[in-house]
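Colleague: Sharing work.cif here; it has mmCIF, C-alpha atoms.
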```cif
data_work
#
loop_
_atom_site.group_PDB
_atom_site.id
_atom_site.type_symbol
_atom_site.label_atom_id
_atom_site.label_comp_id
_atom_site.auth_asym_id
_atom_site.auth_seq_id
_atom_site.Cartn_x
_atom_site.Cartn_y
_atom_site.Cartn_z
ATOM 1 C CA MET A 1 46.364 38.624 2.312
ATOM 2 C CA GLU A 2 44.432 39.405 5.464
ATOM 3 C CA LEU A 3 41.264 39.981 3.409
ATOM 4 C CA ILE A 4 41.598 36.598 1.750
ATOM 5 C CA THR A 5 42.057 34.933 5.145
ATOM 6 C CA LYS A 6 38.960 36.643 6.517
ATOM 7 C CA ASN A 7 36.972 35.553 3.461
ATOM 8 C CA LYS A 8 38.108 31.973 3.917
ATOM 9 C CA LYS A 9 37.119 32.066 7.587
ATOM 10 C CA GLY A 10 33.730 33.531 6.641
ATOM 11 C CA ILE A 11 33.134 30.804 4.069
ATOM 12 C CA PHE A 12 34.181 28.174 6.601
ATOM 13 C CA PHE A 13 31.739 29.451 9.260
ATOM 14 C CA ILE A 14 28.949 29.718 6.684
ATOM 15 C CA SER A 15 29.631 26.154 5.580
ATOM 16 C CA VAL A 16 29.618 24.959 9.170
ATOM 17 C CA ALA A 17 26.363 26.820 9.763
ATOM 18 C CA ILE A 18 24.788 25.263 6.666
ATOM 19 C CA VAL A 19 25.881 21.816 7.815
ATOM 20 C CA ILE A 20 24.464 22.402 11.302
ATOM 21 C CA VAL A 21 21.177 23.716 9.912
ATOM 22 C CA THR A 22 20.962 20.748 7.513
ATOM 23 C CA LEU A 23 21.613 18.306 10.369
ATOM 24 C CA LEU A 24 18.990 20.011 12.499
ATOM 25 C CA LEU A 25 16.432 19.910 9.710
ATOM 26 C CA THR A 26 17.259 16.270 8.958
ATOM 27 C CA SER A 27 17.047 15.371 12.633
ATOM 28 C CA TYR A 28 13.737 17.170 12.944
ATOM 29 C CA THR A 29 12.363 15.426 9.863
ATOM 30 C CA ILE A 30 13.504 12.030 11.118
ATOM 31 C CA TYR A 31 12.103 12.759 14.573
ATOM 32 C CA THR A 32 8.796 13.871 13.102
ATOM 33 C CA LYS A 33 8.516 10.760 10.949
ATOM 34 C CA VAL A 34 9.419 8.546 13.891
ATOM 35 C CA GLN A 35 6.750 10.241 15.993
ATOM 36 C CA GLU A 36 4.216 9.874 13.194
ATOM 37 C CA ARG A 37 5.160 6.224 12.849
ATOM 38 C CA LYS A 38 4.746 5.703 16.585
ATOM 39 C CA THR A 39 1.368 7.422 16.506
ATOM 40 C CA ILE A 40 0.201 5.260 13.604
ATOM 41 C CA GLN A 41 1.573 2.114 15.256
ATOM 42 C CA LYS A 42 -0.174 2.929 18.513
ATOM 43 C CA ARG A 43 -3.435 3.573 16.655
ATOM 44 C CA ILE A 44 -3.116 0.281 14.794
ATOM 45 C CA GLU A 45 -2.547 -1.547 18.081
ATOM 46 C CA THR A 46 -5.627 0.151 19.540
ATOM 47 C CA MET A 47 -7.706 -0.891 16.544
ATOM 48 C CA ASN A 48 -6.390 -4.457 16.690
ATOM 49 C CA SER A 49 -7.324 -4.672 20.345
ATOM 50 C CA PHE A 50 -10.731 -3.185 19.584
ATOM 51 C CA ILE A 51 -11.403 -5.679 16.782
ATOM 52 C CA LYS A 52 -10.489 -8.606 19.066
ATOM 53 C CA SER A 53 -12.882 -7.339 21.717
ATOM 54 C CA ILE A 54 -15.583 -6.956 19.040
ATOM 55 C CA GLU A 55 -15.074 -10.578 17.960
ATOM 56 C CA GLN A 56 -15.429 -11.788 21.551
ATOM 57 C CA ASP A 57 -18.514 -9.629 22.065
ATOM 58 C CA LEU A 58 -20.050 -10.987 18.862
ATOM 59 C CA GLU A 59 -19.691 -14.555 20.156
ATOM 60 C CA ARG A 60 -21.732 -13.586 23.210
ATOM 61 C CA LYS A 61 -24.351 -11.697 21.192
ATOM 62 C CA LEU A 62 -24.773 -14.562 18.724
ATOM 63 C CA PHE A 63 -25.216 -16.968 21.631
ATOM 64 C CA ILE A 64 -28.001 -14.727 22.965
ATOM 65 C CA ALA A 65 -29.649 -14.434 19.531
ATOM 66 C CA GLY A 66 -29.501 -18.197 19.023
ATOM 67 C CA PHE A 67 -30.727 -19.010 22.517
ATOM 68 C CA ARG A 68 -33.690 -16.622 22.321
ATOM 69 C CA SER A 69 -34.638 -17.869 18.864
ATOM 70 C CA LEU A 70 -34.617 -21.540 19.874
ATOM 71 C CA PHE A 71 -36.527 -20.707 23.059
ATOM 72 C CA THR A 72 -39.148 -18.919 20.937
ATOM 73 C CA PHE A 73 -39.367 -21.886 18.550
ATOM 74 C CA GLU A 74 -40.037 -24.217 21.481
ATOM 75 C CA ASN A 75 -42.832 -21.978 22.756
ATOM 76 C CA LYS A 76 -44.306 -21.783 19.266
ATOM 77 C CA ILE A 77 -44.350 -25.585 19.016
ATOM 78 C CA ILE A 78 -46.096 -25.813 22.398
ATOM 79 C CA GLU A 79 -48.657 -23.173 21.382
ATOM 80 C CA THR A 80 -49.433 -24.499 17.911
ATOM 81 C CA GLY A 81 -48.717 -28.211 18.208
ATOM 82 C CA SER A 82 -46.743 -27.926 14.956
ATOM 83 C CA TYR A 83 -43.052 -28.157 14.124
ATOM 84 C CA ILE A 84 -40.968 -25.283 12.743
ATOM 85 C CA SER A 85 -40.949 -25.900 8.996
ATOM 86 C CA ASN A 86 -37.532 -24.341 8.373
ATOM 87 C CA VAL A 87 -35.377 -23.532 11.393
ATOM 88 C CA ASN A 88 -32.724 -21.629 9.428
ATOM 89 C CA SER A 89 -35.107 -19.288 7.608
ATOM 90 C CA SER A 90 -37.099 -18.752 10.821
ATOM 91 C CA PHE A 91 -33.911 -17.845 12.666
ATOM 92 C CA GLN A 92 -32.959 -15.383 9.923
ATOM 93 C CA GLU A 93 -36.372 -13.738 10.188
ATOM 94 C CA MET A 94 -35.979 -13.454 13.960
ATOM 95 C CA PHE A 95 -32.435 -12.102 13.744
ATOM 96 C CA PHE A 96 -32.926 -9.576 10.952
ATOM 97 C CA ASN A 97 -36.575 -8.565 11.381
ATOM 98 C CA GLU A 98 -37.406 -9.301 15.037
ATOM 99 C CA THR A 99 -40.424 -11.292 13.823
ATOM 100 C CA LEU A 100 -41.528 -14.917 13.472
ATOM 101 C CA ASN A 101 -44.079 -15.678 10.770
ATOM 102 C CA GLY A 102 -44.511 -11.928 10.465
ATOM 103 C CA GLN A 103 -45.366 -11.454 14.142
ATOM 104 C CA SER A 104 -43.217 -9.197 16.323
ATOM 105 C CA GLN A 105 -41.068 -10.999 18.905
ATOM 106 C CA THR A 106 -40.140 -8.645 21.735
ATOM 107 C CA ILE A 107 -37.846 -11.305 23.187
ATOM 108 C CA MET A 108 -35.395 -10.488 20.385
ATOM 109 C CA ARG A 109 -34.989 -6.839 21.357
ATOM 110 C CA GLY A 110 -31.326 -6.212 21.956
ATOM 111 C CA ALA A 111 -30.349 -9.395 20.102
ATOM 112 C CA THR A 112 -31.049 -8.586 16.445
ATOM 113 C CA PHE A 113 -28.604 -7.737 13.680
ATOM 114 C CA ASN A 114 -29.418 -4.031 13.966
ATOM 115 C CA ASP A 115 -28.730 -4.174 17.712
ATOM 116 C CA VAL A 116 -25.398 -5.896 17.092
ATOM 117 C CA VAL A 117 -24.305 -3.208 14.611
ATOM 118 C CA LYS A 118 -25.495 -0.328 16.829
ATOM 119 C CA ASP A 119 -23.542 -1.699 19.782
ATOM 120 C CA MET A 120 -20.391 -2.045 17.672
ATOM 121 C CA GLN A 121 -20.744 1.483 16.321
ATOM 122 C CA SER A 122 -21.353 2.877 19.806
ATOM 123 C CA LEU A 123 -18.168 1.255 21.092
ATOM 124 C CA GLY A 124 -16.245 2.475 18.052
ATOM 125 C CA ASN A 125 -17.425 6.063 18.501
ATOM 126 C CA LYS A 126 -15.865 6.138 21.965
ATOM 127 C CA ILE A 127 -12.406 5.751 20.446
ATOM 128 C CA SER A 128 -13.059 7.622 17.164
ATOM 129 C CA ILE A 129 -13.465 4.510 15.041
ATOM 130 C CA ASN A 130 -16.158 4.130 12.400
ATOM 131 C CA ILE A 131 -17.588 0.644 11.778
ATOM 132 C CA THR A 132 -19.804 -0.715 8.998
ATOM 133 C CA LEU A 133 -21.021 -4.268 8.355
ATOM 134 C CA THR A 134 -22.632 -4.747 4.963
ATOM 135 C CA ASN A 135 -24.071 -7.689 3.004
ATOM 136 C CA PRO A 136 -24.746 -9.622 6.221
ATOM 137 C CA LYS A 137 -25.674 -13.305 6.228
ATOM 138 C CA ALA A 138 -26.782 -15.337 9.235
ATOM 139 C CA ASN A 139 -27.030 -19.082 9.574
ATOM 140 C CA ILE A 140 -27.929 -21.674 12.190
ATOM 141 C CA ASP A 141 -26.614 -25.233 12.032
ATOM 142 C CA GLN A 142 -24.863 -27.813 14.170
ATOM 143 C CA ILE A 143 -21.164 -28.460 14.721
ATOM 144 C CA ASP A 144 -21.696 -31.691 16.651
ATOM 145 C CA PRO A 145 -24.626 -33.589 18.213
ATOM 146 C CA TRP A 146 -24.674 -31.411 21.334
ATOM 147 C CA ASN A 147 -24.257 -27.823 20.145
ATOM 148 C CA VAL A 148 -25.974 -25.444 17.765
ATOM 149 C CA ARG A 149 -23.807 -22.924 15.917
ATOM 150 C CA ILE A 150 -24.864 -19.395 14.966
ATOM 151 C CA THR A 151 -22.786 -17.792 12.191
ATOM 152 C CA LEU A 152 -22.767 -14.149 11.101
ATOM 153 C CA SER A 153 -20.743 -13.037 8.093
ATOM 154 C CA GLY A 154 -20.448 -9.834 6.081
ATOM 155 C CA ASN A 155 -18.151 -7.160 4.694
ATOM 156 C CA PHE A 156 -16.527 -5.576 7.728
ATOM 157 C CA THR A 157 -14.983 -2.098 7.489
ATOM 158 C CA VAL A 158 -13.172 -0.394 10.356
ATOM 159 C CA LYS A 159 -11.823 3.102 9.734
ATOM 160 C CA ASP A 160 -9.993 5.496 11.998
ATOM 161 C CA ASN A 161 -11.690 8.910 11.935
ATOM 162 C CA SER A 162 -8.285 10.621 11.551
ATOM 163 C CA ASN A 163 -7.535 8.422 8.499
ATOM 164 C CA LEU A 164 -4.429 6.953 10.112
ATOM 165 C CA SER A 165 -5.512 3.344 9.435
ATOM 166 C CA SER A 166 -8.400 1.237 8.189
ATOM 167 C CA TRP A 167 -9.433 -2.377 7.631
ATOM 168 C CA ASN A 168 -11.748 -3.841 5.035
ATOM 169 C CA THR A 169 -12.204 -7.565 5.384
ATOM 170 C CA MET A 170 -14.717 -10.411 5.456
ATOM 171 C CA LEU A 171 -16.038 -10.931 8.969
ATOM 172 C CA VAL A 172 -17.072 -14.420 10.070
ATOM 173 C CA ALA A 173 -18.221 -14.641 13.691
ATOM 174 C CA THR A 174 -19.762 -17.634 15.455
ATOM 175 C CA GLY A 175 -21.589 -18.313 18.684
ATOM 176 C CA THR A 176 -22.312 -21.716 20.197
ATOM 177 C CA VAL A 177 -25.482 -22.715 22.056
ATOM 178 C CA PRO A 178 -25.383 -25.991 24.048
ATOM 179 C CA LEU A 179 -28.480 -28.167 23.695
ATOM 180 C CA TYR A 180 -28.868 -28.953 27.392
ATOM 181 C CA TYR A 181 -30.878 -25.745 27.752
ATOM 182 C CA PHE A 182 -33.694 -27.106 25.587
ATOM 183 C CA ASP A 183 -36.527 -29.622 25.565
ATOM 184 C CA ASP A 184 -36.992 -32.192 22.829
ATOM 185 C CA PRO A 185 -39.605 -30.961 20.300
ATOM 186 C CA VAL A 186 -40.436 -34.552 19.314
ATOM 187 C CA TYR A 187 -41.680 -35.286 22.842
ATOM 188 C CA ILE A 188 -43.512 -31.939 22.996
ATOM 189 C CA ILE A 189 -45.527 -32.836 19.895
ATOM 190 C CA ASN A 190 -46.078 -36.530 20.614
ATOM 191 C CA THR A 191 -46.936 -36.324 24.304
ATOM 192 C CA GLY A 192 -48.843 -33.049 24.251
ATOM 193 C CA SER A 193 -46.069 -31.529 26.406
ATOM 194 C CA LEU A 194 -46.807 -34.044 29.197
ATOM 195 C CA VAL A 195 -43.387 -35.705 28.935
ATOM 196 C CA VAL A 196 -40.679 -33.267 27.902
ATOM 197 C CA PRO A 197 -37.059 -34.308 28.533
ATOM 198 C CA LYS A 198 -34.182 -31.902 28.111
ATOM 199 C CA ILE A 199 -31.322 -32.819 25.782
ATOM 200 C CA ASN A 200 -28.937 -34.243 28.372
ATOM 201 C CA GLN A 201 -26.007 -36.238 27.035
ATOM 202 C CA THR A 202 -25.682 -39.687 28.548
ATOM 203 C CA ILE A 203 -22.898 -40.308 31.047
ATOM 204 C CA TYR A 204 -22.458 -43.843 29.713
ATOM 205 C CA THR A 205 -20.054 -44.903 26.975
ATOM 206 C CA SER A 206 -21.085 -48.569 27.209
ATOM 207 C CA PHE A 207 -24.148 -50.253 28.634
ATOM 208 C CA SER A 208 -25.018 -52.972 31.120
ATOM 209 C CA THR A 209 -28.432 -53.848 32.517
ATOM 210 C CA SER A 210 -28.098 -51.341 35.380
ATOM 211 C CA SER A 211 -26.649 -48.495 33.288
ATOM 212 C CA LEU A 212 -29.240 -49.058 30.569
ATOM 213 C CA SER A 213 -32.013 -48.816 33.138
ATOM 214 C CA ASP A 214 -30.523 -45.583 34.529
ATOM 215 C CA HIS A 215 -30.045 -44.198 31.009
ATOM 216 C CA VAL A 216 -33.761 -44.629 30.291
ATOM 217 C CA THR A 217 -35.047 -43.459 33.678
ATOM 218 C CA LYS A 218 -33.017 -40.233 33.540
ATOM 219 C CA GLN A 219 -34.012 -39.705 29.898
ATOM 220 C CA TYR A 220 -30.471 -39.387 28.634
ATOM 221 C CA TYR A 221 -29.547 -38.985 24.973
ATOM 222 C CA LYS A 222 -26.719 -40.540 23.039
ATOM 223 C CA ALA A 223 -25.219 -39.656 19.669
ATOM 224 C CA SER A 224 -26.343 -41.794 16.748
ATOM 225 C CA THR A 225 -25.837 -41.364 13.021
ATOM 226 C CA GLN A 226 -29.121 -43.219 12.454
ATOM 227 C CA ALA A 227 -31.098 -40.636 14.428
ATOM 228 C CA PRO A 228 -32.306 -37.115 13.637
ATOM 229 C CA SER A 229 -30.310 -34.128 14.850
ATOM 230 C CA PHE A 230 -31.728 -31.536 17.225
ATOM 231 C CA ILE A 231 -32.533 -29.196 14.319
ATOM 232 C CA ASP A 232 -34.161 -32.114 12.459
ATOM 233 C CA ARG A 233 -36.336 -32.653 15.533
ATOM 234 C CA PHE A 234 -37.442 -29.025 15.484
ATOM 235 C CA GLU A 235 -38.541 -29.504 11.871
ATOM 236 C CA GLY A 236 -40.244 -32.850 12.522
ATOM 237 C CA ASN A 237 -37.768 -34.808 10.397
ATOM 238 C CA ILE A 238 -37.614 -37.687 12.864
ATOM 239 C CA SER A 239 -37.135 -40.367 10.234
ATOM 240 C CA SER A 240 -33.996 -38.814 8.810
ATOM 241 C CA SER A 241 -30.479 -39.758 9.821
ATOM 242 C CA SER A 242 -27.785 -37.179 10.486
ATOM 243 C CA ALA A 243 -24.078 -36.942 11.184
ATOM 244 C CA TYR A 244 -25.180 -35.063 14.302
ATOM 245 C CA GLY A 245 -28.078 -37.310 15.253
ATOM 246 C CA ILE A 246 -29.161 -37.946 18.840
ATOM 247 C CA GLU A 247 -31.600 -40.453 20.312
ATOM 248 C CA SER A 248 -33.246 -41.300 23.605
ATOM 249 C CA LEU A 249 -35.127 -44.368 24.774
ATOM 250 C CA VAL A 250 -38.761 -43.711 25.615
ATOM 251 C CA ASP A 251 -39.656 -44.514 29.213
ATOM 252 C CA ILE A 252 -42.976 -46.306 28.705
ATOM 253 C CA GLN A 253 -43.754 -46.274 32.416
ATOM 254 C CA ASN A 254 -43.456 -42.476 32.383
ATOM 255 C CA LEU A 255 -45.901 -42.249 29.478
ATOM 256 C CA GLN A 256 -48.348 -44.522 31.277
ATOM 257 C CA SER A 257 -48.132 -42.441 34.453
ATOM 258 C CA LYS A 258 -49.262 -39.415 32.417
ATOM 259 C CA GLY A 259 -52.235 -41.306 31.006
ATOM 260 C CA LEU A 260 -50.768 -41.566 27.527
ATOM 261 C CA GLN A 261 -51.554 -44.460 25.246
ATOM 262 C CA ILE A 262 -48.566 -46.742 24.652
ATOM 263 C CA GLN A 263 -47.396 -48.882 21.770
ATOM 264 C CA GLN A 264 -45.654 -52.211 21.527
ATOM 265 C CA LYS A 265 -42.630 -51.381 19.396
ATOM 266 C CA SER A 266 -38.991 -50.297 19.677
ATOM 267 C CA ILE A 267 -38.588 -47.579 22.320
ATOM 268 C CA VAL A 268 -35.865 -45.740 20.364
ATOM 269 C CA ASP A 269 -37.567 -42.345 20.213
ATOM 270 C CA TYR A 270 -37.390 -41.607 16.481
ATOM 271 C CA ILE A 271 -38.927 -45.039 15.835
ATOM 272 C CA TYR A 272 -41.440 -45.025 18.664
ATOM 273 C CA PHE A 273 -42.843 -41.619 17.706
ATOM 274 C CA SER A 274 -43.048 -42.417 13.991
ATOM 275 C CA SER A 275 -45.108 -44.663 11.736
ATOM 276 C CA SER A 276 -42.070 -46.895 11.262
ATOM 277 C CA ASN A 277 -42.173 -50.256 13.013
ATOM 278 C CA PRO A 278 -39.095 -52.370 12.255
ATOM 279 C CA ALA A 279 -38.679 -55.818 13.766
ATOM 280 C CA PHE A 280 -37.989 -55.651 17.498
ATOM 281 C CA CYS A 281 -37.595 -57.848 20.535
ATOM 282 C CA HIS A 282 -37.747 -57.629 24.300
ATOM 283 C CA VAL A 283 -34.328 -56.897 25.828
ATOM 284 C CA SER A 284 -33.000 -59.507 28.238
ATOM 285 C CA GLY A 285 -32.970 -58.422 31.891
ATOM 286 C CA MET A 286 -35.209 -55.382 31.308
ATOM 287 C CA PRO A 287 -38.917 -54.696 32.022
ATOM 288 C CA ALA A 288 -41.521 -56.274 29.744
ATOM 289 C CA TRP A 289 -42.070 -52.995 27.849
ATOM 290 C CA PHE A 290 -38.365 -52.573 27.074
ATOM 291 C CA ASN A 291 -38.170 -53.392 23.357
ATOM 292 C CA LEU A 292 -35.439 -52.525 20.855
ATOM 293 C CA ASN A 293 -35.375 -52.917 17.099
ATOM 294 C CA ASN A 294 -32.811 -55.411 15.876
ATOM 295 C CA SER A 295 -30.477 -52.832 14.293
ATOM 296 C CA ASN A 296 -30.151 -50.960 17.599
ATOM 297 C CA LEU A 297 -29.419 -53.893 19.901
ATOM 298 C CA ALA A 298 -25.645 -53.715 19.466
ATOM 299 C CA ALA A 299 -25.538 -49.964 20.194
ATOM 300 C CA TYR A 300 -26.911 -50.674 23.680
ATOM 301 C CA ASN A 301 -24.992 -53.913 24.226
ATOM 302 C CA ALA A 302 -28.360 -55.628 24.438
ATOM 303 C CA THR A 303 -29.621 -59.099 23.526
ATOM 304 C CA CYS A 304 -33.098 -60.445 22.956
ATOM 305 C CA GLY A 305 -34.583 -62.347 25.875
#
```
If you convert what's in this file into structure tokens, what do you get?

Modeller:
Amino acid sequence: MELITKNKKGIFFISVAIVIVTLLLTSYTIYTKVQERKTIQKRIETMNSFIKSIEQDLERKLFIAGFRSLFTFENKIIETGSYISNVNSSFQEMFFNETLNGQSQTIMRGATFNDVVKDMQSLGNKISINITLTNPKANIDQIDPWNVRITLSGNFTVKDNSNLSSWNTMLVATGTVPLYYFDDPVYIINTGSLVVPKINQTIYTSFSTSSLSDHVTKQYYKASTQAPSFIDRFEGNISSSSAYGIESLVDIQNLQSKGLQIQQKSIVDYIYFSSSNPAFCHVSGMPAWFNLNNSNLAAYNATCG
């Protein structure tokens, strides 16, 4: 009887021990998985934060690439007296090859696609993240009359070196370059760089005699769907109309002061500097040289006089 009791007690203690060991192992397993989950979660958060910072940095880098490219195009127009035949393809050459028409452009150093990728990889290496950007495409266009947009897209892969997490997605990054930094290529070509206004948006939403005079004197621009866009102007497409068109009124007195020959026609710039010569009239209350074509009178709240 005593032996049986001792055996029962032994079995009981063994069972208790097994239960305790099982609980400890289970607890340890759960704890380990929780810790692993926390580690993975923390790494994912780090990568998310890193990707956001990369996106913001790309906006800045694309602005720089766009700005330097447009600046180079302006200088090329001044040097050659010719427009840029295709702004988008020329930008792509500058961005990917650091050349324009096959000639090296040192101004692009630090602002090319290769520089962008190297900078991203360098930042990633600091936190043990590997980055690749393949099948890249770059584009320059306009999002409105007053801004040029630079777009970079490609297959974007971000991988943690410890294989805890990874992303593989399509990257689309954009940078915006305001036009007020730049001169008007149409004036550069047609005045031999003697009269070169910057693309400054007019402060006027409607016009009177005094505001119209100020608009012309300060060489302001206004949006117009009948006019060429800024990129059109770079390419010499001054007769085309665009959803993002802009126009200025040519200050004839300014041309005369520079010794330039003047014409008697509408002073809307894309008309004045073209072979087109639609019917026009002198605008009431303005100087004798202030002529507008009939289809543009209403846009400036003007009447013939």

Colleague: Could you work out how far atom CA of A:Pro197 lies from atom CA of A:Gly236, giving the answer in Å with one decimal?

Modeller: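 A separation of 16.4 Å between them.
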
Colleague: Could you jot down the atom CA of A:Thr174 to atom CA of A:Val158 separation for me, Å, one decimal place?

Modeller: 19.1 Å

Colleague: Report as a list in words the residues that result from applying the PyMOL selection byres ((chain A and resi 111) around 10) to the structure here.

Modeller: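 After applying the PyMOL selection byres ((chain A and resi 111) around 10), what remains is Lys61, Leu62, Phe63, Ile64, Ala65, Gly66, Phe67, Arg68, Ser69, Met94, Phe95, Phe96, Glu98, Thr106, Ile107, Met108, Arg109, Gly110, Thr112, Phe113, Asn114, Asp115 and Val116 of chain A.
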
Colleague: Given the file above and the PyMOL selection byres ((chain A and resi 231) around 12), which residues are selected, and can you give them as number ranges by chain?

Modeller: A: 70, 73-74, 83-88, 90-91, 140-149, 179, 182-186, 227-230, 232-238, 240-246

Colleague: Tell me, in Å to one decimal, how far atom CA of A:Tyr187 is from atom CA of A:Val250.

Modeller: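 A separation of 9.3 Å between them.
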
Colleague: Using all atoms listed in the file, which of the listed residues (A:Asn97, A:Gln103, A:Ser239, A:Ser248) sits closest to A:Tyr221?

Modeller: A:Ser248
